[in-house]
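Okay, so here's the structure we're looking at.
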Amino acid sequence: MKKLLTYLNKPAVKSFQLKPITIPKWTKDNNASHKTSSLPFRQDDISCPVGTVIVKRIILEDLIQAQRLKSLGFNYPGQVSAKDKKIDLTGHHFATISYKDDHYGAKGNINVWNPNVSPDQFSLAAMAVSGNKGFQSISAGWIVYPGLNQNNQSHLFTYWTADGNNKTHCYNTLCPGFVHVSTKYAIGMLAQPVSIYDGQQYQLEVSIYQDHVTRDWWFVLNNEPIGYWPKSFFTRQGLADGASAVFWGGEVYSSVKEKSPSMGSGHFPQEGFKKAAYVNGLKIITDITKEVSSPLASALKTFASSPNLAEAAHESRGIPSEEEKKEMERQLKAINKPAIKSFKTEQGEIFDCIDIHKQLAFDHHLLRNHSVKLKPTSVPKWPITYDNKGQKVGPMQLQLKGISCPHGTVIVKRTTIQDLINSQHLKSIGFNIPRHVLSQGSNIDLSGHHFATADYDYDNVAGVTGNINLWDPQVSHDQVSLATMAIAGGPKIEQLASISVGWMVNPLLYQDHIHLYTYWTADGYNKTGCYDIRCPGFVQVSKRIPLGVLLQPVSVYNGTQKEMDLSLHQDRVTGDWWLIFGGVNVGYWPQSLFIASGLVKGADLASWGGQVYSPKTEKSPIMGSGHFPKEGFGKAAFVNNIHIMNGKGEALIPQIYTIETHESSPNCYKAKFVHDEDEPWIRAVYYGAVSLILVAESRGQILLEDDENELDRLLNYINKPPIKSFQTENGDILDCIDIHKQLAFDHPQLKNHSIQLRPTTIPKWNITNNNDSRPVPLRQDGISCPLGTVIVKRTTPNDLIQDQRLKAMGFKDSISLSSKSKNIDLTGFHFAVAQYKYSHYGARGNLNLWEPEVSPTQFSLASMLISSGLNEQFQGIRAGWITDGFKKTGCYNTLCPGFVQVNTDIPLGLLLKPISIYGGEQYEININIYKDHITGNWWLMAFNNYVGYWPNSLFTDVGLAHGASLVSWGGEVYSPVKEKSLSMGSGHFPQEGFKKAAYVSGIELIEDIKLEGSMGPPLHSLKTVSSTPNCYKAIKKPVTESYRTKPLEEEENTLESLLNYINKSAIKSFRTKHGDTLDCIDIHKQLAFNHPLLINHSIQLKPTTIPKWTINNNNNSEKGGSFPFRRDGISCPLGTVIVKRTTLEDLIQAQSLKSMGFKSSRYVSSKSKNIDLSGYHFAVAQYKKFHYGAKGNLNIWEPEVSPNQFSLASITISAGSNEQFQGIRAGWIADGFNKTGCYNTLCPGFVQVSTDIPLGYLLQPVSTYGGKQYEVGINMYKDHITGNWWLVAFNNNYVGYWPKSLFTDVGLGHGGSLASWGGEVYSPVKEKSPSMGSGHFPQQKSYTKVAYMNDFVVYNDLGSEGMTPPLDTLKTFSSTPNCYKVKKDQPLFGHVWDDAIFYGGPGGCTF
């Protein structure tokens, strides 16, 4: 490091350029100087002499920190490569705006803040230019980074790379490259002062551009050239001849175990100037010889890697000028009247209680002398004529928590300066009013607006009502989605008056989610009117319901439906138009507002439905639920209880012929009028759908609106002419089509394909009988296709729209099997699977069926996948098939050519039912996929029927043509980044076990190409992968594979803290072939010494006394072999001990055992205290006399158990009773399993001394029924000098001891009173108990079939030889003799040993 410091810190003796030859003609930013101050760098009078440059000296700590950062997994800022290269960005979060086109430099004023970070985190704001997809880039800005600057303050920084952060890259001047020329500013210097929240703002004026003569890249700060990166570093494909992208924004980094730090000011963009961090004055150099200008707003794209943590927002103008700001402040003062009382909600909104007579409405010149009406003089008697299935969101649900306005006041949402800025932005992007009432014959520009409504224009309208279904569709920053009820009237556009009410999702108006909205105009949306109370007009009378309030809860797709009851009517006496919400008078628009327009005496039009808006360059958003009306109640959005009040004041059900639906874009958004013959309502409208629309731009890359013809063409291509058709009770249409004319043969590789009606080879699967689950029955609807045809589910327009919509959301195909194989965006995808990564020719599995609830933009699945190849050669199949890395080929079911259907009864896409019930009946479907070794085709079997196959010609030699290299079983979900991820499987974690967690059982593989046998893969050959382990998990267990969803965040944090407490720092670590991690830790720092009784304990490295165990000469070594302990070469160095590392899964399992009623194995206390032994079963032999130790050889077996069960064999020594009970096994137990004790080293207590034998280590091999037997010798005894209880195992190896100080005089402090040898099992009371030992009763007359313990000895006298207790001194005890037995009568079993204990049984008990 000293050599490196000498190398870095030296004067440059080199010729260089002192200033750029060409300087860009930046356009003047009139906004900047008034509202913020450019950072007044250093006022310390430091300046370097002519001929020198100022450089921050690198110190030894800088180099140490740089190396440390690499070890943490971080060594460069990653934003420019976030989407452009395959690089690990774990822990990095970005919120940026980008311009992606050719340019020669850029500029931006970067707002300076000082966020707080931990020593291993950073937070920065920067501008970066890049080329070659981010492989060459330059960044500059400010950074708070203790690892770089040794403090928690903002510093000026630069970063560059010429090879994708491979070999050439560094911060500031930590490596050769940047040529410094400034005598004033040093890179890495402190950036002070910093901005204050809602106070003075400071910014860095940063420019990075290319000199068009020398082609060097210059860095300029506050108009001072700092230095340059010479052209010679870069390539023509990179930055040598310009750049291809520029980024402005923020980035943070945090290790995965820490919460990520604040970005910028720590506040979301919606809070606006002085509160949210910004970059303004954005400029781009597209021609170095011309004046530089701002990029168009449409050319800027925002990107937030973690939008729930950070957001990027751009405005076409940015921050207002001083004059605009003054005008806005004047408007705010006029709008926000003095508050008598104020409240702030959890969402940060402020609501004011203002004097009812001083509200904004009365600033309107037509309302100066208006007398407030507290309620209407007349209220329509709306008829009740519907069977309402939705749940109403009433006024009491909208009452803001803890908010109550006093009498004589009304509640009003306070308008902010950001609200005014956003209102201006809405106008600039083309939207500021809901315009569907003008859609017929108006000259107003409706680009980007789409409607689906039911309209009434038959007669004069004096009132309307409707229950509007509540949804919360996802929209982008500049988009709008709303549901509305509106009235309008007027002879011509200039006199058009309208009022709209309903709900709206509009980030620019309401920040997020769904809000109650109103809008009115009296002159065709020209000068009058506004949203809610943002201008004078609407008179608020309610002190409970403010306009603009958040509406909650909302509807769930295919679940509970929520709606709000709204009505608009004209008071027959005063002429005012009243808004009533759920029977509560919210307020009214006085008649005098409409004197010169069309709402003075009723309206001409009533309308109900939906509307969306999107800028021309974005795909239009979801309307309503995002589903077409034909899906009906629970799935499509609706307005029900539609009524009108005529000019006579009569409330009527509108006649069918008076309602007409209007759809401005019927290929994407539809409306359906529901009337008398349609259930459940007499009059209603369904509306909405998914988004597909893009308006063409000059490059011709975006589709035109009129895509309906293309959909029809695709449908005609996919759906072949049927010979026969059926409609199922679920509404699906199943077609019988000619087997030779199915879609598969449109694939170019299958033009001359000969159909294979059944496989030439059939795998010899093992027979697995699972009596606990039922296979899903194949359809019992009598539908079957005739000979020569196959059954296919007909594709609908909605199927194609949904398919395109999934792609647009960032989802093309389920991707878990390629997550490690190619550079693919996995944002929003989560997996929990078990994988087998070896060559094979097919697999099978029984998939447990569940039906998790999902939104329209999500999916949840369980599957088996088979794949081979990497990157562009990646090929895989499920029930849908995927080739060449999901790029150009592949689809679900039969949405594209490829899969050859041969079955006449089972169509792909078939609805599966019934489904499993939590804690109840379980259903599963068996899926087999395997390769025919003669034809090479990959066959799909389900319901024990051959469904069809993927022809071998679809695949390549490096893919699936010659077999597969991976099979995966498990679950996957997808959710857009702004939505919470959904349930996987049953929605419960695997630890809950059968009937509660989803599983895949009956897993088998084919390793022989001739399919002559299958095997269940050994558990150690399966690797579980969970992409998001805090939300979804996969564990492997005998018989089943399970996955479930999320524990509470607090629980997760507690477990992480516990792990850090248990797992001490390792000096050396090893990973076994079974996946366990073994740590070598300092013997003095092991967990034992965290016990309060062992704080000053002196370690005993070996016992002072060693028992003289009698040697059993009768042990037949040919039949009972000592266990061959590890031969893996793992051994810890002197001064350390070996410990099995505890994992998060271990702790979760431990908690799960406690929750099931199991804390520790308990038969030693079964007679000693009042303890719940439900689910416990024992078969043991006991020696009930005072002693100082015991030993025995334990026969090793591996009985099959479920996730919630255990089966064990042990030697136990104990003393005391009830609360004084104390005992030890391989783990130790004190005070009756009440507060102390644990397994292995999961708590302080046991002192490990061995460097070779860790507790919890996997024991292999195990005994074979009727074959080779294995055993492990276990000795436990009391050292008669120190009083410690020692554990000796594996041929007299000292593993460790339980210190005497843990025990009391009435317990094990003076010796043991009971020794026990035998077996124990546990199972929840509703599950059948597992087998014990070999699973066979002791009556079998062969020691190779029954579990045993031999060579058992007790140590009766300190310092004397041990003795084999006579059989008559041993008492056998079986808690459940019909399931488990124990025998001590050795002669029954032949002459293998003098004495032995045999125990075990098949289990099957349920109590």
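Chain identifiers are assigned as A, B, and so on, following the order in which chains appear in the structure tokens; residues are numbered from 1 within each chain, and ligands are numbered from 1 in order of appearance.
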
Requested in this report: Pull the strand (DSSP E) assignments for segment 116-275 of chain A out of DSSP run on the backbone, and list those residues as an MDAnalysis selection string.
Outcome: chainID A and resid 122:131 136:144 154:161 169:171 179:180 202:210 217:221 224:229 245:253

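We find atom CA of Asn369 of chain A and atom CA of Lys648 of chain A to be spaced 29.4 Å apart.
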
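Interatomic distance, atom CA of Ala961 of chain A against atom CA of His933 of chain A: 10.5 Å.
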
Query raised in the report: Which residue, A:Thr1369, A:Gly649, A:His364, A:Gln1220, has the smallest gap to Lys1185 of chain A when you use only C-alpha atoms?
Result: A:Thr1369

Show me, as a CSV table (one decimal) with N, CA, C and O atoms, in the first residue's frame, the residues that have an atom within 12 Å of Ile350 of chain A when counting only C-alpha atoms, minus same-chain residues fewer than 2 positions from it.
chain,number,residue,atom,x,y,z
A,336,ASN,N,-56.5,29.0,-0.1
A,336,ASN,CA,-56.5,28.5,1.3
A,336,ASN,C,-56.9,29.5,2.3
A,336,ASN,O,-56.1,30.4,2.7
A,339,ALA,N,-57.6,28.8,8.6
A,339,ALA,CA,-58.1,27.6,9.2
A,339,ALA,C,-58.4,27.8,10.7
A,339,ALA,O,-57.6,28.4,11.4
A,341,LYS,N,-59.1,25.1,12.5
A,341,LYS,CA,-58.4,23.9,13.0
A,341,LYS,C,-57.8,23.1,11.8
A,341,LYS,O,-58.4,23.2,10.7
A,342,SER,N,-56.7,22.5,12.0
A,342,SER,CA,-56.1,21.7,10.9
A,342,SER,C,-55.6,20.4,11.3
A,342,SER,O,-55.3,20.1,12.5
A,343,PHE,N,-55.5,19.5,10.3
A,343,PHE,CA,-55.1,18.1,10.6
A,343,PHE,C,-54.2,17.6,9.5
A,343,PHE,O,-54.4,18.0,8.3
A,344,LYS,N,-53.3,16.8,9.8
A,344,LYS,CA,-52.4,16.2,8.8
A,344,LYS,C,-52.6,14.7,8.8
A,344,LYS,O,-52.5,14.0,9.8
A,345,THR,N,-52.8,14.1,7.6
A,345,THR,CA,-53.1,12.6,7.5
A,345,THR,C,-51.8,11.9,7.4
A,345,THR,O,-50.7,12.4,7.3
A,346,GLU,N,-51.9,10.5,7.5
A,346,GLU,CA,-50.7,9.7,7.3
A,346,GLU,C,-50.1,9.8,6.0
A,346,GLU,O,-48.9,9.5,5.8
A,347,GLN,N,-50.9,10.2,5.0
A,347,GLN,CA,-50.4,10.4,3.6
A,347,GLN,C,-49.7,11.8,3.4
A,347,GLN,O,-49.2,12.1,2.3
A,348,GLY,N,-49.7,12.6,4.5
A,348,GLY,CA,-49.0,13.9,4.4
A,348,GLY,C,-49.9,15.0,3.9
A,348,GLY,O,-49.5,16.1,3.8
A,352,ASP,N,-58.1,21.4,6.4
A,352,ASP,CA,-58.4,22.6,7.2
A,352,ASP,C,-59.9,22.6,7.5
A,352,ASP,O,-60.8,22.3,6.6
A,353,CYS,N,-60.3,23.0,8.7
A,353,CYS,CA,-61.6,23.3,9.1
A,353,CYS,C,-61.8,24.9,8.9
A,353,CYS,O,-61.1,25.6,9.7
A,400,LEU,N,-61.9,11.0,8.1
A,400,LEU,CA,-60.5,10.9,8.4
A,400,LEU,C,-60.2,10.7,9.9
A,400,LEU,O,-60.8,11.3,10.7
A,403,ILE,N,-60.1,13.2,12.9
A,403,ILE,CA,-60.4,14.5,12.3
A,403,ILE,C,-61.9,14.8,12.6
A,403,ILE,O,-62.7,14.0,12.2
A,411,ILE,N,-64.9,21.1,6.1
A,411,ILE,CA,-63.6,20.5,5.9
A,411,ILE,C,-63.1,20.6,4.5
A,411,ILE,O,-63.9,20.3,3.5
A,412,VAL,N,-61.9,21.1,4.3
A,412,VAL,CA,-61.4,21.4,3.0
A,412,VAL,C,-59.9,20.9,2.9
A,412,VAL,O,-59.2,21.1,3.8
A,413,LYS,N,-59.6,20.2,1.8
A,413,LYS,CA,-58.2,19.8,1.6
A,413,LYS,C,-57.4,21.0,1.2
A,413,LYS,O,-57.7,21.7,0.3
A,414,ARG,N,-56.2,21.2,1.9
A,414,ARG,CA,-55.4,22.4,1.7
A,414,ARG,C,-54.6,22.2,0.3
A,414,ARG,O,-54.1,21.2,0.1
A,415,THR,N,-54.6,23.3,-0.5
A,415,THR,CA,-53.9,23.3,-1.7
A,415,THR,C,-52.5,23.7,-1.5
A,415,THR,O,-52.2,24.6,-0.7
A,416,THR,N,-51.5,23.0,-2.1
A,416,THR,CA,-50.1,23.3,-2.0
A,416,THR,C,-49.6,23.9,-3.3
A,416,THR,O,-50.2,23.9,-4.3
A,546,PRO,N,-64.5,15.8,2.7
A,546,PRO,CA,-63.8,16.8,1.8
A,546,PRO,C,-63.7,16.3,0.4
A,546,PRO,O,-63.5,15.1,0.2
A,548,GLY,N,-61.7,15.4,-2.9
A,548,GLY,CA,-60.3,15.0,-3.0
A,548,GLY,C,-59.9,14.0,-2.0
A,548,GLY,O,-58.7,13.6,-1.9
A,549,VAL,N,-60.8,13.5,-1.1
A,549,VAL,CA,-60.4,12.5,-0.1
A,549,VAL,C,-60.1,11.2,-0.7
A,549,VAL,O,-60.6,10.7,-1.7

**Report entry** All residues 9 Å or closer to segment 495-505 of chain A, only C-alpha atoms, same chain fewer than 3 positions away omitted, as number ranges by chain
**Finding:** A: 434, 437, 468, 470-475, 479-492, 509-525, 548, 551, 564, 566-568, 577, 579, 589, 594, 596-599, 603

Please produce a file of those selected residues containing C-alpha atoms, as a compact mmCIF listing (two decimals), in the first residue's frame.
# COMPACT_ATOMS: atom_id res chain seq x y z
CA PRO A 434 -62.57 15.15 -18.20
CA VAL A 437 -69.20 14.85 -22.86
CA ILE A 468 -69.81 3.55 -8.75
CA LEU A 470 -64.23 1.37 -6.74
CA TRP A 471 -60.91 0.25 -8.26
CA ASP A 472 -57.34 1.52 -7.97
CA PRO A 473 -55.76 1.12 -11.44
CA GLN A 474 -52.05 1.61 -11.90
CA VAL A 475 -51.05 4.67 -13.94
CA GLN A 479 -51.65 9.43 -16.85
CA VAL A 480 -55.22 9.47 -15.54
CA SER A 481 -57.85 6.80 -15.03
CA LEU A 482 -61.31 7.67 -13.67
CA ALA A 483 -64.87 6.51 -13.22
CA THR A 484 -67.53 9.15 -13.60
CA MET A 485 -71.14 10.14 -13.45
CA ALA A 486 -71.81 13.38 -15.31
CA ILE A 487 -74.54 15.72 -16.48
CA ALA A 488 -74.19 18.35 -19.24
CA GLY A 489 -76.26 20.82 -21.21
CA GLY A 490 -76.01 23.78 -23.54
CA PRO A 491 -77.00 24.80 -27.06
CA LYS A 492 -73.42 25.12 -28.33
CA LEU A 509 -53.66 15.92 -8.71
CA TYR A 510 -53.70 13.44 -5.84
CA GLN A 511 -50.17 11.95 -5.63
CA ASP A 512 -51.37 8.35 -5.57
CA HIS A 513 -54.31 5.94 -5.39
CA ILE A 514 -58.02 6.59 -5.82
CA HIS A 515 -59.67 9.85 -4.67
CA LEU A 516 -63.14 11.37 -4.74
CA TYR A 517 -63.21 14.05 -7.45
CA THR A 518 -65.54 16.64 -8.93
CA TYR A 519 -65.20 18.90 -11.97
CA TRP A 520 -67.43 21.65 -13.35
CA THR A 521 -67.49 24.15 -16.20
CA ALA A 522 -69.97 26.76 -17.43
CA ASP A 523 -68.37 27.70 -20.78
CA GLY A 524 -67.18 24.53 -22.50
CA TYR A 525 -64.01 24.18 -20.40
CA GLY A 548 -60.32 14.98 -3.02
CA LEU A 551 -61.22 6.34 -1.04
CA MET A 564 -69.92 4.41 -3.49
CA LEU A 566 -73.43 9.23 -5.50
CA SER A 567 -76.24 11.41 -6.73
CA LEU A 568 -76.47 14.77 -8.50
CA TRP A 577 -77.05 21.33 -8.21
CA LEU A 579 -73.83 16.42 -4.62
CA TRP A 589 -72.96 24.32 -7.30
CA PHE A 594 -74.73 28.58 -14.95
CA ALA A 596 -75.46 32.03 -19.24
CA SER A 597 -75.11 28.32 -19.99
CA GLY A 598 -76.96 25.04 -20.17
CA LEU A 599 -77.62 23.86 -16.60
CA ALA A 603 -79.43 19.08 -18.32

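Closest approach to Ile1130 of chain A among A:Pro1254, A:Gly587, A:Gly1401, A:Gly647: A:Pro1254, based on only C-alpha atoms.
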
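Relative to atom CA of Glu329 of chain A, atom CA of Lys283 of chain A is found at 28.3 Å.
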
Applying 9 Å and only C-alpha atoms, which residues near Tyr1294 of chain A remain after dropping the ones on its own chain fewer than 2 positions away? List them as a PDB file with C-alpha atoms, in the first residue's frame.
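What ended up in around08.pdb:
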ATOM      1  CA  LEU A1101      -9.851 -28.743  27.096  1.00  0.00           C
ATOM      2  CA  LYS A1102     -10.264 -32.378  28.172  1.00  0.00           C
ATOM      3  CA  PRO A1103     -11.661 -34.232  31.192  1.00  0.00           C
ATOM      4  CA  GLN A1248     -17.428 -27.088  22.385  1.00  0.00           C
ATOM      5  CA  VAL A1249     -13.766 -28.201  22.469  1.00  0.00           C
ATOM      6  CA  SER A1250     -13.473 -30.438  19.406  1.00  0.00           C
ATOM      7  CA  ILE A1253     -16.888 -32.864  15.374  1.00  0.00           C
ATOM      8  CA  TRP A1286     -18.733 -34.418  29.157  1.00  0.00           C
ATOM      9  CA  LEU A1287     -19.966 -35.601  25.765  1.00  0.00           C
ATOM     10  CA  VAL A1288     -17.722 -38.169  24.030  1.00  0.00           C
ATOM     11  CA  ALA A1289     -18.535 -39.579  20.583  1.00  0.00           C
ATOM     12  CA  PHE A1290     -16.979 -41.284  17.545  1.00  0.00           C
ATOM     13  CA  ASN A1292     -13.661 -41.593  22.252  1.00  0.00           C
ATOM     14  CA  GLY A1296     -17.341 -30.777  24.679  1.00  0.00           C
ATOM     15  CA  TYR A1297     -19.153 -30.408  27.966  1.00  0.00           C
TER      16      TYR A1297
END

Query - Selection near Ala334 of chain A, 12 Å with only C-alpha atoms, sequence-local residues under 6 positions removed, as a VMD selection string - result: chain A and resid 327 to 328 358 to 364 414 to 416 533 to 536

Query raised in the report: If we count only C-alpha atoms, what is near Gly575 of chain A at a cut-off of 12 Å, once residues fewer than 2 positions away on the same chain are taken out, given as a ChimeraX atom specification?
Result: /A:373,376-378,462-463,569-573,577-578,588-595,599-603,647,649

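Closest to Pro1338 of chain A among A:Pro119, A:Pro1402, A:Gly782, A:Pro990 is A:Pro1402, based on only C-alpha atoms.
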
Query raised in the report: Quick one: of A:Ala128, A:Leu954, A:Leu1367, A:Ile929, who's nearest to Leu750 of chain A, counting only C-alpha atoms?
Result: A:Leu954
